[in-house]
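For reference, target_32.txt (compact mmCIF, C-alpha atoms and all ligand atoms):
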```
# COMPACT_ATOMS: atom_id res chain seq x y z
CA MET A 1 0.00 0.00 0.00
CA LYS A 2 1.21 3.50 -0.78
CA THR A 3 1.94 6.02 1.96
CA PRO A 4 -0.84 8.60 2.41
CA LEU A 5 0.88 11.87 1.53
CA LYS A 6 -1.38 14.20 3.46
CA SER A 7 -0.74 12.31 6.67
CA GLN A 8 2.93 13.30 6.45
CA SER A 9 4.47 16.10 8.46
CA THR A 10 6.76 18.52 6.62
CA GLU A 11 9.72 16.99 8.50
CA ASN A 12 8.88 13.49 7.24
CA LEU A 13 8.64 14.73 3.69
CA ARG A 14 11.95 16.57 4.02
CA SER A 15 13.71 13.37 5.07
CA TRP A 16 12.10 11.44 2.23
CA PHE A 17 13.42 13.95 -0.30
CA GLU A 18 16.82 14.11 1.41
CA ASN A 19 17.23 10.34 1.46
CA ARG A 20 16.61 10.26 -2.26
CA HIS A 21 18.94 13.17 -2.93
CA HIS A 22 16.33 15.54 -4.22
CA PRO A 23 17.01 19.21 -3.55
CA ARG A 24 15.31 20.58 -0.46
CA TYR A 25 13.33 23.24 -2.31
CA ARG A 26 11.34 20.52 -4.07
CA VAL A 27 9.49 19.84 -0.81
CA GLY A 28 8.31 23.45 -0.78
CA GLN A 29 7.14 23.13 -4.37
CA LEU A 30 5.26 19.95 -3.61
CA LEU A 31 3.58 21.46 -0.54
CA GLU A 32 2.61 24.50 -2.52
CA TRP A 33 0.91 22.37 -5.15
CA ILE A 34 -1.03 20.46 -2.55
CA TYR A 35 -1.93 23.10 -0.02
CA ARG A 36 -2.07 26.27 -2.09
CA HIS A 37 -3.30 24.93 -5.42
CA TRP A 38 -5.13 21.89 -4.04
CA ALA A 39 -3.67 19.59 -6.71
CA ILE A 40 -5.00 16.06 -6.57
CA GLU A 41 -2.73 14.64 -9.28
CA PHE A 42 1.05 14.61 -9.37
CA ASP A 43 0.94 15.27 -13.09
CA ALA A 44 -0.56 18.70 -12.46
CA MET A 45 2.68 19.70 -10.67
CA SER A 46 4.27 21.23 -13.74
CA ASN A 47 7.42 22.60 -12.12
CA LEU A 48 8.45 19.19 -10.77
CA PRO A 49 10.54 17.02 -13.13
CA LYS A 50 8.58 14.19 -14.71
CA ALA A 51 10.86 11.59 -13.10
CA LEU A 52 10.20 13.00 -9.64
CA ARG A 53 6.45 13.09 -10.27
CA ASN A 54 6.59 9.43 -11.22
CA GLU A 55 8.67 8.57 -8.19
CA LEU A 56 6.21 10.39 -5.94
CA ALA A 57 3.24 8.69 -7.61
CA GLY A 58 4.90 5.29 -7.11
CA HIS A 59 5.37 5.90 -3.41
CA PHE A 60 2.60 8.18 -2.21
CA ASP A 61 -1.15 8.21 -2.36
CA LEU A 62 -2.14 11.82 -3.01
CA ASN A 63 -5.88 11.75 -2.62
CA SER A 64 -8.22 9.89 -0.28
CA VAL A 65 -11.70 11.28 -0.90
CA GLN A 66 -14.03 11.92 -3.78
CA SER A 67 -17.01 14.24 -3.79
CA VAL A 68 -20.12 12.29 -4.76
CA ASP A 69 -22.91 14.70 -3.95
CA CYS A 70 -23.07 18.40 -3.16
CA ARG A 71 -26.09 20.42 -2.09
CA GLY A 72 -26.14 24.15 -1.67
CA GLU A 73 -28.34 26.79 -0.16
CA LYS A 74 -28.93 30.36 -1.29
CA ASP A 75 -26.87 31.67 1.63
CA GLY A 76 -23.83 29.84 0.19
CA THR A 77 -23.82 26.96 2.69
CA ARG A 78 -22.91 23.73 0.96
CA LYS A 79 -22.99 20.18 2.19
CA THR A 80 -20.87 17.62 0.41
CA LEU A 81 -20.90 13.86 0.67
CA TYR A 82 -17.40 12.44 0.31
CA ARG A 83 -16.66 8.86 -0.57
CA LEU A 84 -13.59 7.37 1.08
CA ARG A 85 -11.24 4.72 -0.33
CA ASP A 86 -13.26 1.84 1.10
CA GLY A 87 -16.58 3.19 -0.17
CA GLU A 88 -17.73 4.58 3.21
CA THR A 89 -19.01 8.15 3.17
CA VAL A 90 -18.98 11.23 5.40
CA GLU A 91 -20.40 14.73 5.10
CA THR A 92 -18.58 18.07 5.21
CA VAL A 93 -20.05 21.57 5.28
CA TRP A 94 -18.80 24.85 3.80
CA ILE A 95 -20.23 27.84 5.67
CA PRO A 96 -19.53 31.31 4.27
CA SER A 97 -20.19 34.55 6.13
CA PRO A 98 -19.05 38.11 5.39
CA ARG A 99 -15.65 37.68 7.02
CA ARG A 100 -15.30 33.95 7.40
CA ARG A 101 -15.06 30.90 5.27
CA THR A 102 -15.61 27.97 7.57
CA VAL A 103 -15.24 24.27 6.90
CA CYS A 104 -17.02 21.90 9.27
CA LEU A 105 -15.15 18.59 9.27
CA SER A 106 -16.08 15.01 10.06
CA THR A 107 -13.64 12.81 11.97
CA GLN A 108 -15.34 9.40 12.05
CA VAL A 109 -17.65 7.35 9.86
CA GLY A 110 -20.74 7.42 12.06
CA CYS A 111 -20.46 8.22 15.74
CA PRO A 112 -20.07 5.90 18.73
CA ILE A 113 -21.56 8.34 21.27
CA ARG A 114 -25.15 8.23 20.08
CA CYS A 115 -26.65 11.31 21.69
CA PRO A 116 -30.38 10.65 21.29
CA PHE A 117 -31.15 14.00 19.60
CA CYS A 118 -28.35 13.87 16.99
CA ALA A 119 -28.46 12.29 13.51
CA SER A 120 -24.76 11.40 13.36
CA GLY A 121 -24.90 8.33 15.60
CA ARG A 122 -28.14 6.94 14.23
CA ASP A 123 -26.60 4.62 11.67
CA GLY A 124 -24.04 3.40 14.18
CA PHE A 125 -20.28 3.71 14.15
CA VAL A 126 -18.07 2.22 11.44
CA ARG A 127 -14.50 3.50 11.81
CA ASP A 128 -12.13 6.36 12.49
CA LEU A 129 -11.05 8.60 9.63
CA ALA A 130 -7.35 8.53 8.74
CA PRO A 131 -5.48 11.86 8.95
CA ASP A 132 -5.42 12.31 5.17
CA GLU A 133 -9.18 11.70 4.97
CA ILE A 134 -9.64 14.60 7.37
CA VAL A 135 -7.18 16.91 5.56
CA ASP A 136 -8.66 16.02 2.17
CA GLN A 137 -12.10 17.28 3.19
CA VAL A 138 -10.56 20.74 3.59
CA ILE A 139 -8.57 20.52 0.34
CA HIS A 140 -11.57 19.47 -1.72
CA GLU A 141 -13.74 22.18 -0.18
CA ALA A 142 -11.09 24.80 -1.03
CA ALA A 143 -10.69 23.46 -4.56
CA ARG A 144 -14.41 23.62 -5.25
CA GLU A 145 -14.82 27.12 -3.79
CA GLU A 146 -11.51 28.22 -5.37
CA GLU A 147 -10.68 29.80 -2.05
CA ALA A 148 -9.04 28.51 1.11
CA PRO A 149 -11.13 28.48 4.28
CA ASN A 150 -9.94 30.68 7.13
CA ARG A 151 -11.68 28.78 9.88
CA ILE A 152 -12.08 25.11 10.71
CA VAL A 153 -14.65 23.65 13.08
CA VAL A 154 -14.31 20.00 14.00
CA MET A 155 -18.04 19.69 14.49
CA GLY A 156 -19.12 17.27 11.80
CA ILE A 157 -19.75 13.56 12.19
CA GLY A 158 -17.88 11.76 14.95
CA GLU A 159 -16.27 12.35 18.32
CA PRO A 160 -12.84 13.86 17.56
CA LEU A 161 -11.27 13.01 20.91
CA LEU A 162 -12.03 9.32 20.38
CA ASN A 163 -9.92 9.50 17.21
CA TYR A 164 -7.30 11.57 18.96
CA GLU A 165 -4.03 10.81 17.14
CA ASN A 166 -5.47 11.02 13.64
CA VAL A 167 -7.34 14.24 14.37
CA ILE A 168 -4.29 15.94 15.85
CA GLU A 169 -2.07 14.73 13.01
CA ALA A 170 -4.56 16.16 10.52
CA LEU A 171 -4.96 19.44 12.39
CA ASN A 172 -1.19 19.81 12.55
CA VAL A 173 -1.02 19.52 8.76
CA ILE A 174 -3.90 22.00 8.38
CA ASN A 175 -2.16 24.34 10.83
CA ALA A 176 1.44 23.99 9.55
CA PRO A 177 2.84 27.04 7.75
CA GLY A 178 3.91 24.71 4.93
CA GLY A 179 0.47 23.04 4.94
CA MET A 180 -2.83 24.93 4.82
CA GLY A 181 -1.44 27.50 7.26
CA ILE A 182 -4.69 28.00 9.21
CA GLY A 183 -3.86 29.32 12.70
CA ALA A 184 -4.65 27.15 15.72
CA ARG A 185 -6.81 29.96 17.11
CA ARG A 186 -8.97 29.62 14.02
CA ILE A 187 -9.50 25.92 14.59
CA THR A 188 -12.17 24.69 17.01
CA ILE A 189 -12.39 21.15 18.32
CA SER A 190 -15.77 20.16 19.68
CA THR A 191 -16.11 17.21 22.06
CA CYS A 192 -18.93 15.60 23.98
CA GLY A 193 -16.59 15.67 26.98
CA ILE A 194 -14.01 12.89 26.69
CA VAL A 195 -12.01 13.78 29.80
CA PRO A 196 -8.69 12.00 29.03
CA GLY A 197 -8.77 13.60 25.56
CA ILE A 198 -9.31 17.10 26.96
CA ARG A 199 -6.46 16.61 29.42
CA ARG A 200 -4.17 15.35 26.70
CA LEU A 201 -5.15 18.22 24.44
CA SER A 202 -4.19 20.70 27.13
CA LYS A 203 -0.62 19.39 26.93
CA GLU A 204 -0.18 19.73 23.17
CA GLY A 205 1.14 23.26 23.49
CA LYS A 206 -1.34 24.45 20.87
CA GLN A 207 -3.98 27.12 21.03
CA TRP A 208 -6.85 25.18 19.51
CA ASN A 209 -10.25 26.45 20.63
CA LEU A 210 -12.02 23.90 22.75
CA SER A 211 -15.81 23.54 22.63
CA VAL A 212 -17.52 21.13 24.95
CA SER A 213 -21.05 19.87 24.36
CA LEU A 214 -22.62 20.42 27.74
CA HIS A 215 -26.35 20.40 26.90
CA ALA A 216 -27.32 20.25 30.58
CA PRO A 217 -25.96 21.89 33.74
CA ASP A 218 -26.76 18.87 35.91
CA SER A 219 -25.55 15.31 35.68
CA GLU A 220 -29.01 13.78 35.74
CA THR A 221 -30.32 15.55 32.63
CA ARG A 222 -26.95 15.30 30.93
CA SER A 223 -26.79 11.52 31.28
CA VAL A 224 -29.93 11.30 29.15
CA LEU A 225 -28.67 13.68 26.47
CA VAL A 226 -24.97 12.81 26.28
CA PRO A 227 -24.39 9.12 27.01
CA ALA A 228 -20.67 9.81 27.60
CA GLU A 229 -21.78 11.43 30.89
CA ASN A 230 -22.01 7.98 32.42
CA ARG A 231 -18.32 7.43 31.84
CA TYR A 232 -17.09 11.02 32.25
CA PRO A 233 -19.38 12.83 34.69
CA LEU A 234 -20.02 16.55 34.48
CA GLU A 235 -17.84 17.40 37.44
CA GLU A 236 -14.79 15.76 35.85
CA VAL A 237 -15.56 17.35 32.50
CA LEU A 238 -15.65 20.80 34.11
CA GLU A 239 -12.41 20.11 35.96
CA ALA A 240 -10.70 19.10 32.72
CA CYS A 241 -11.99 22.31 31.08
CA GLN A 242 -10.46 24.32 33.91
CA VAL A 243 -7.13 22.58 33.29
CA TYR A 244 -7.42 23.33 29.57
CA ARG A 245 -8.08 26.98 30.32
CA ASP A 246 -5.23 27.25 32.82
CA ARG A 247 -2.67 25.52 30.61
CA THR A 248 -3.53 27.14 27.28
CA GLY A 249 -4.94 30.47 28.43
CA ARG A 250 -7.84 29.88 26.05
CA GLN A 251 -11.42 30.42 27.03
CA VAL A 252 -13.51 27.26 26.75
CA THR A 253 -16.90 27.37 25.03
CA PHE A 254 -19.84 25.24 26.08
CA GLU A 255 -22.34 24.18 23.47
CA TYR A 256 -25.89 23.97 24.71
CA THR A 257 -28.49 22.59 22.34
CA LEU A 258 -31.81 23.87 23.59
CA LEU A 259 -34.52 21.20 23.68
CA LYS A 260 -38.08 22.06 24.54
CA GLY A 261 -39.15 20.82 27.95
CA ILE A 262 -35.85 19.05 28.62
CA ASN A 263 -33.09 21.54 29.32
CA ASP A 264 -34.80 24.91 28.92
CA SER A 265 -36.09 25.64 32.43
CA GLN A 266 -35.28 28.74 34.44
CA LYS A 267 -33.49 26.65 37.04
CA GLN A 268 -31.27 25.11 34.37
CA ALA A 269 -30.54 28.56 32.94
CA PHE A 270 -29.43 29.77 36.37
CA GLN A 271 -27.24 26.68 36.90
CA LEU A 272 -25.73 27.15 33.47
CA ALA A 273 -24.92 30.77 34.28
CA SER A 274 -23.10 29.67 37.38
CA ILE A 275 -20.96 27.20 35.38
CA SER A 276 -20.19 29.95 32.87
CA ARG A 277 -19.12 32.33 35.65
CA GLU A 278 -17.01 29.80 37.52
CA LEU A 279 -15.06 28.74 34.46
CA ASP A 280 -15.14 32.12 32.75
CA ALA A 281 -16.58 30.19 29.82
CA LYS A 282 -18.87 31.28 27.02
CA ILE A 283 -22.11 29.43 26.32
CA ASN A 284 -22.98 28.85 22.70
CA LEU A 285 -26.70 28.21 22.55
CA ILE A 286 -27.84 26.09 19.61
CA PRO A 287 -31.60 26.08 19.08
CA TYR A 288 -32.39 22.45 18.27
CA ASN A 289 -32.31 21.53 14.59
CA PRO A 290 -35.02 18.95 14.05
CA VAL A 291 -33.97 15.49 12.89
CA ALA A 292 -36.66 13.46 11.14
CA GLY A 293 -38.01 10.68 13.31
CA LEU A 294 -36.60 11.98 16.60
CA PRO A 295 -38.96 13.06 19.39
CA PHE A 296 -37.25 16.36 20.21
CA GLU A 297 -38.44 19.90 19.60
CA CYS A 298 -36.94 23.34 19.49
CA PRO A 299 -38.46 25.86 21.91
CA ASP A 300 -40.14 28.84 20.20
CA ASP A 301 -38.32 32.15 19.79
CA GLY A 302 -39.90 33.60 22.91
CA ALA A 303 -38.72 30.69 25.03
CA ILE A 304 -35.21 30.89 23.56
CA GLU A 305 -35.07 34.58 24.40
CA GLU A 306 -36.31 33.92 27.89
CA PHE A 307 -33.65 31.26 28.47
CA VAL A 308 -30.93 33.62 27.23
CA GLY A 309 -32.32 36.38 29.45
CA ASN A 310 -32.23 34.08 32.48
CA VAL A 311 -28.60 33.12 31.85
CA GLU A 312 -27.67 36.76 31.41
CA GLU A 313 -29.56 37.80 34.51
CA LYS A 314 -27.17 35.60 36.50
CA ARG A 315 -24.19 37.01 34.62
CA GLY A 316 -23.51 34.03 32.37
CA LYS A 317 -21.94 34.77 28.98
CA ILE A 318 -24.17 33.44 26.25
CA THR A 319 -24.58 33.83 22.49
CA VAL A 320 -27.10 32.17 20.21
CA ARG A 321 -25.77 30.30 17.20
CA ARG A 322 -28.09 31.04 14.34
CA GLU A 323 -27.82 28.08 12.08
CA LYS A 324 -27.13 28.08 8.42
CA GLY A 325 -27.87 25.18 6.17
CA GLY A 326 -31.01 23.91 7.93
CA SER A 327 -32.97 23.35 4.74
CA ILE A 328 -30.31 21.03 3.31
CA ASP A 329 -29.86 19.22 6.63
CA ALA A 330 -26.39 20.68 6.98
CA ALA A 331 -26.90 22.25 10.41
CA CYS A 332 -25.48 21.00 13.70
CA GLY A 333 -26.44 17.44 14.42
CA GLN A 334 -27.98 16.81 11.02
CA LEU A 335 -24.95 15.27 9.36
CA ARG A 336 -24.82 11.55 8.88
CA ARG A 337 -23.07 8.79 7.02
CA ARG A 338 -25.51 8.62 4.18
CA PRO A 339 -27.66 11.42 2.80
N1 LIG B 401 -19.03 14.85 18.83
C1 LIG B 401 -18.69 16.24 18.97
C2 LIG B 401 -18.84 16.97 17.68
C3 LIG B 401 -20.26 17.29 17.27
S1 LIG B 401 -20.36 19.00 17.20
C4 LIG B 401 -19.47 16.86 20.10
O1 LIG B 401 -20.31 16.17 20.67
O2 LIG B 401 -19.20 18.00 20.46
C5 LIG B 401 -21.99 19.30 16.91
C6 LIG B 401 -22.74 19.95 18.07
O3 LIG B 401 -24.11 19.96 17.72
C7 LIG B 401 -22.65 19.17 19.36
O4 LIG B 401 -22.72 20.05 20.44
C8 LIG B 401 -23.90 18.33 19.28
O5 LIG B 401 -24.30 17.82 20.51
C9 LIG B 401 -24.87 19.32 18.72
N2 LIG B 401 -26.03 18.73 18.09
C10 LIG B 401 -26.22 17.45 17.72
N3 LIG B 401 -27.43 17.29 17.16
C11 LIG B 401 -28.01 18.50 17.14
C12 LIG B 401 -29.26 18.99 16.65
N4 LIG B 401 -30.08 18.20 16.02
N5 LIG B 401 -29.53 20.30 16.82
C13 LIG B 401 -28.65 21.12 17.40
N6 LIG B 401 -27.45 20.71 17.87
C14 LIG B 401 -27.14 19.42 17.75
```
Translate the structure described by the file into structure tokens.
Amino acid sequence: MKTPLKSQSTENLRSWFENRHHPRYRVGQLLEWIYRHWAIEFDAMSNLPKALRNELAGHFDLNSVQSVDCRGEKDGTRKTLYRLRDGETVETVWIPSPRRRTVCLSTQVGCPIRCPFCASGRDGFVRDLAPDEIVDQVIHEAAREEEAPNRIVVMGIGEPLLNYENVIEALNVINAPGGMGIGARRITISTCGIVPGIRRLSKEGKQWNLSVSLHAPDSETRSVLVPAENRYPLEEVLEACQVYRDRTGRQVTFEYTLLKGINDSQKQAFQLASISRELDAKINLIPYNPVAGLPFECPDDGAIEEFVGNVEEKRGKITVRREKGGSIDAACGQLRRRP
């Protein structure tokens, strides 16, 4: 089997070129083709000698995904289904806004967590994505839009901290100056609260933004909404967030998907505010995006406003995430393995 090229760090590639006595500047040329021009064939790399292109093609696998379906909305949001080498598929979303071009990445085929309100775990879990399968989602999005994204959110299908090594390897390539060059502060990793993963992440020496899916301020409600609560209880999750904040100096964000009659009471708003104050963390409120066949509802606008008002009354920091892509099922929690 060939070596997946986009899983390689710049250092690895340098040694490969050095060992074969190719001049060092060729690595820069290669990286530029891949990460600035999004080339998916060696033959497109016109300033590399033909012999080198052949040698590279004989050793490396340059591309790991193929776009098989793409749906767009008027607001520019696009959801793409990518087929992987083994025929499995994942979805990726491109979300434009006046100043940002965001790619929302998937990290696993299906999701093992199975939060009852989310579409991603409904067809079960198949496997982790390899680093190049994660990087390639970004490259293909950039190639189609003819523009590089300037923000990455790891909020697609899968639990990134259960595919820790591959996700970090991929993010390092996306972040590397010789790779996509997207700053760590422009990359957000969202987790359902895998405590060992959060602790490990706090030691990477990187400034990734950390988002934690809280969804309830008390363990009892949370254990219904986020099954990982039974393994990693709220208290430990919050402790790990504190460690992340202390070690990286980065503010942690809590995602809170508002579900009618389940986590939208005044008491829960007050408790949430107290968590936000204690950890100096921001709450990102996501009004529930309906998933066909699931028995959850989004509170009406008045109730959302009231919840926000209650959190603010107790000095919690909260913003509402207004979703894009709802009509093409590209919003939070609507991505799945198959369309
Ligand atoms: N597994 C990671 C990445 C998913 S990120 C995590 O749990 O954080 C997507 C966010 O959207 C998570 O907070 C997830 O719980 C939330 N979500 C899932 N389904 C949703 C839905 N239907 N409506 C709104 N938010 C949803």
Original post:
Once you count all atoms listed in the file, which residues end up within 7 Å of ligand LIG 401 (chain B), and could you hand them over as a list in words?
Top reply: Phe117, Cys118, Ala119, Val154, Met155, Gly156, Ile157, Gly158, Glu159, Pro160, Ser190, Thr191, Cys192, Ser211, Val212, Ser213, Glu255, Tyr256, Thr257, Ile286, Pro287, Tyr288, Asn289, Pro290, Val291, Cys332, Gly333 and Gln334 of chain A
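Distance-wise, CA of Ala184 (chain A) and CA of Ser97 (chain A) end up 19.7 Å apart.
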Counting only C-alpha atoms, what is within 8 Å of Gly193 (chain A), bar same-chain residues fewer than 2 positions away, as a PDB file with C-alpha atoms, keeping the file's coordinate frame?
```
ATOM      1  CA  THR A 191     -16.110  17.210  22.060  1.00  0.00           C
ATOM      2  CA  VAL A 195     -12.010  13.780  29.800  1.00  0.00           C
ATOM      3  CA  ILE A 198      -9.310  17.100  26.960  1.00  0.00           C
ATOM      4  CA  VAL A 212     -17.520  21.130  24.950  1.00  0.00           C
ATOM      5  CA  SER A 213     -21.050  19.870  24.360  1.00  0.00           C
ATOM      6  CA  LEU A 214     -22.620  20.420  27.740  1.00  0.00           C
ATOM      7  CA  ALA A 228     -20.670   9.810  27.600  1.00  0.00           C
ATOM      8  CA  GLU A 229     -21.780  11.430  30.890  1.00  0.00           C
ATOM      9  CA  TYR A 232     -17.090  11.020  32.250  1.00  0.00           C
ATOM     10  CA  VAL A 237     -15.560  17.350  32.500  1.00  0.00           C
TER      11      VAL A 237
END
```
**OP:** Write out as a PyMOL selection string each polymer residue whose atoms come within 12 Å of Glu239 (chain A), counting all atoms listed in the file; drop sequence neighbours fewer than 6 positions from it.
**Re:** chain A and resi 193-196+198-199+232-233+245-246+252+275+278-279
Write the residues of the selection above to a file with C-alpha atoms, as a short mmCIF file (atom, residue, chain, number, x, y, z; two decimals), in the frame of the given file.
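Listing of selection-v9.cif after writing:
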```cif
data_model
loop_
_atom_site.label_atom_id
_atom_site.label_comp_id
_atom_site.auth_asym_id
_atom_site.auth_seq_id
_atom_site.Cartn_x
_atom_site.Cartn_y
_atom_site.Cartn_z
CA GLY A 193 -16.59 15.67 26.98
CA ILE A 194 -14.01 12.89 26.69
CA VAL A 195 -12.01 13.78 29.80
CA PRO A 196 -8.69 12.00 29.03
CA ILE A 198 -9.31 17.10 26.96
CA ARG A 199 -6.46 16.61 29.42
CA TYR A 232 -17.09 11.02 32.25
CA PRO A 233 -19.38 12.83 34.69
CA ARG A 245 -8.08 26.98 30.32
CA ASP A 246 -5.23 27.25 32.82
CA VAL A 252 -13.51 27.26 26.75
CA ILE A 275 -20.96 27.20 35.38
CA GLU A 278 -17.01 29.80 37.52
CA LEU A 279 -15.06 28.74 34.46
#
```
Subject >> Two-atom distance - CA of Val90 (chain A), CA of Arg337 (chain A) (Å) >> reply: 5.0 Å
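Taking CA of Thr10 (chain A) and CA of Gln137 (chain A) as the two end points, the separation is 19.2 Å.
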**OP:** Find, counting only C-alpha atoms, the residue in A:Ile262, A:Gly302, A:Val153, A:Leu225 that gets nearest to Leu210 (chain A).
**Re:** A:Val153
Can you pull out every residue within 12 Å of Ile34 (chain A), counting only C-alpha atoms, but drop anything in the same chain fewer than 5 positions away, and send it as a PDB file with C-alpha atoms, keeping the file's coordinate frame?
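Now in result_3.pdb:
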```pdb
ATOM      1  CA  LEU A   5       0.880  11.870   1.530  1.00  0.00           C
ATOM      2  CA  LYS A   6      -1.380  14.200   3.460  1.00  0.00           C
ATOM      3  CA  VAL A  27       9.490  19.840  -0.810  1.00  0.00           C
ATOM      4  CA  GLY A  28       8.310  23.450  -0.780  1.00  0.00           C
ATOM      5  CA  GLN A  29       7.140  23.130  -4.370  1.00  0.00           C
ATOM      6  CA  ALA A  39      -3.670  19.590  -6.710  1.00  0.00           C
ATOM      7  CA  ILE A  40      -5.000  16.060  -6.570  1.00  0.00           C
ATOM      8  CA  GLU A  41      -2.730  14.640  -9.280  1.00  0.00           C
ATOM      9  CA  PHE A  42       1.050  14.610  -9.370  1.00  0.00           C
ATOM     10  CA  ASP A  43       0.940  15.270 -13.090  1.00  0.00           C
ATOM     11  CA  ALA A  44      -0.560  18.700 -12.460  1.00  0.00           C
ATOM     12  CA  MET A  45       2.680  19.700 -10.670  1.00  0.00           C
ATOM     13  CA  LEU A  62      -2.140  11.820  -3.010  1.00  0.00           C
ATOM     14  CA  ASN A  63      -5.880  11.750  -2.620  1.00  0.00           C
ATOM     15  CA  VAL A 135      -7.180  16.910   5.560  1.00  0.00           C
ATOM     16  CA  ASP A 136      -8.660  16.020   2.170  1.00  0.00           C
ATOM     17  CA  VAL A 138     -10.560  20.740   3.590  1.00  0.00           C
ATOM     18  CA  ILE A 139      -8.570  20.520   0.340  1.00  0.00           C
ATOM     19  CA  HIS A 140     -11.570  19.470  -1.720  1.00  0.00           C
ATOM     20  CA  ALA A 142     -11.090  24.800  -1.030  1.00  0.00           C
ATOM     21  CA  ALA A 143     -10.690  23.460  -4.560  1.00  0.00           C
ATOM     22  CA  ALA A 148      -9.040  28.510   1.110  1.00  0.00           C
ATOM     23  CA  VAL A 173      -1.020  19.520   8.760  1.00  0.00           C
ATOM     24  CA  ILE A 174      -3.900  22.000   8.380  1.00  0.00           C
ATOM     25  CA  GLY A 178       3.910  24.710   4.930  1.00  0.00           C
ATOM     26  CA  GLY A 179       0.470  23.040   4.940  1.00  0.00           C
ATOM     27  CA  MET A 180      -2.830  24.930   4.820  1.00  0.00           C
TER      28      MET A 180
END
```
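Distances from A:Ala292, A:Gly121, A:Gln268, A:Leu161 to Asp329 (chain A) were compared using all atoms listed in the file, and the smallest one belongs to A:Ala292.
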**OP:** Pick out the residues sitting within 6 Å of region 57-61 of chain A, and hand them over as a list in words; count only C-alpha atoms, and ignore anything fewer than 6 positions along from it in its own chain.
**Re:** Lys2, Thr3, Pro4 and Leu5 of chain A
Original post:
Please, which residues are within 9 Å of (-30.5, 10.1, 22.9) by the file's coordinates, counting only C-alpha atoms, and could they come as number ranges by chain?
Top reply: A: 114-118, 224-227, 294
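Taking only C-alpha atoms into account, Thr188 (chain A) lies nearest to A:Ile152 out of the set A:Ala240, A:Ile152, A:Leu171, A:Leu335.
Of the residues listed (A:Gly124, A:Gly181, A:Pro112, A:Gly72), A:Gly181 shows the shortest atom-to-atom separation from Arg36 (chain A); distances use only C-alpha atoms.
Distance annotation: of A:Ala130, A:Leu84, A:Val65, A:Ala51, the residue with the minimal separation from Ser7 (chain A) is A:Ala130; atom set is all atoms listed in the file.
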If I only have part of region 50-63 of chain A, can you fill in N, CA and C atoms and write it as a short mmCIF file (atom, residue, chain, number, x, y, z; two decimals), in the coordinates of the input?
```
data_model
loop_
_atom_site.label_atom_id
_atom_site.label_comp_id
_atom_site.auth_asym_id
_atom_site.auth_seq_id
_atom_site.Cartn_x
_atom_site.Cartn_y
_atom_site.Cartn_z
N LYS A 50 9.44 15.35 -14.46
CA LYS A 50 8.58 14.19 -14.71
C LYS A 50 9.03 12.97 -13.89
N ALA A 51 10.34 12.76 -13.82
CA ALA A 51 10.86 11.59 -13.10
C ALA A 51 10.48 11.65 -11.62
N LEU A 52 10.55 12.84 -11.06
CA LEU A 52 10.20 13.00 -9.64
C LEU A 52 8.70 12.77 -9.44
N ARG A 53 7.91 13.30 -10.36
CA ARG A 53 6.45 13.09 -10.27
C ARG A 53 6.13 11.60 -10.28
N ASN A 54 6.82 10.87 -11.15
CA ASN A 54 6.59 9.43 -11.22
C ASN A 54 7.02 8.73 -9.94
N GLU A 55 8.16 9.17 -9.42
CA GLU A 55 8.67 8.57 -8.19
C GLU A 55 7.67 8.82 -7.04
N LEU A 56 7.19 10.05 -6.98
CA LEU A 56 6.21 10.39 -5.94
C LEU A 56 4.94 9.55 -6.09
N ALA A 57 4.48 9.43 -7.35
CA ALA A 57 3.24 8.69 -7.61
C ALA A 57 3.42 7.21 -7.26
N GLY A 58 4.64 6.70 -7.41
CA GLY A 58 4.90 5.29 -7.11
C GLY A 58 4.91 5.04 -5.60
N HIS A 59 5.20 6.08 -4.84
CA HIS A 59 5.37 5.90 -3.41
C HIS A 59 4.19 6.40 -2.58
N PHE A 60 3.62 7.54 -3.04
CA PHE A 60 2.60 8.18 -2.21
C PHE A 60 1.21 8.11 -2.83
N ASP A 61 0.23 8.09 -1.95
CA ASP A 61 -1.15 8.21 -2.36
C ASP A 61 -1.54 9.66 -2.10
N LEU A 62 -1.93 10.37 -3.15
CA LEU A 62 -2.14 11.82 -3.01
C LEU A 62 -3.55 12.20 -2.59
N ASN A 63 -4.50 11.35 -2.88
CA ASN A 63 -5.88 11.75 -2.62
C ASN A 63 -6.67 10.62 -1.98
#
```
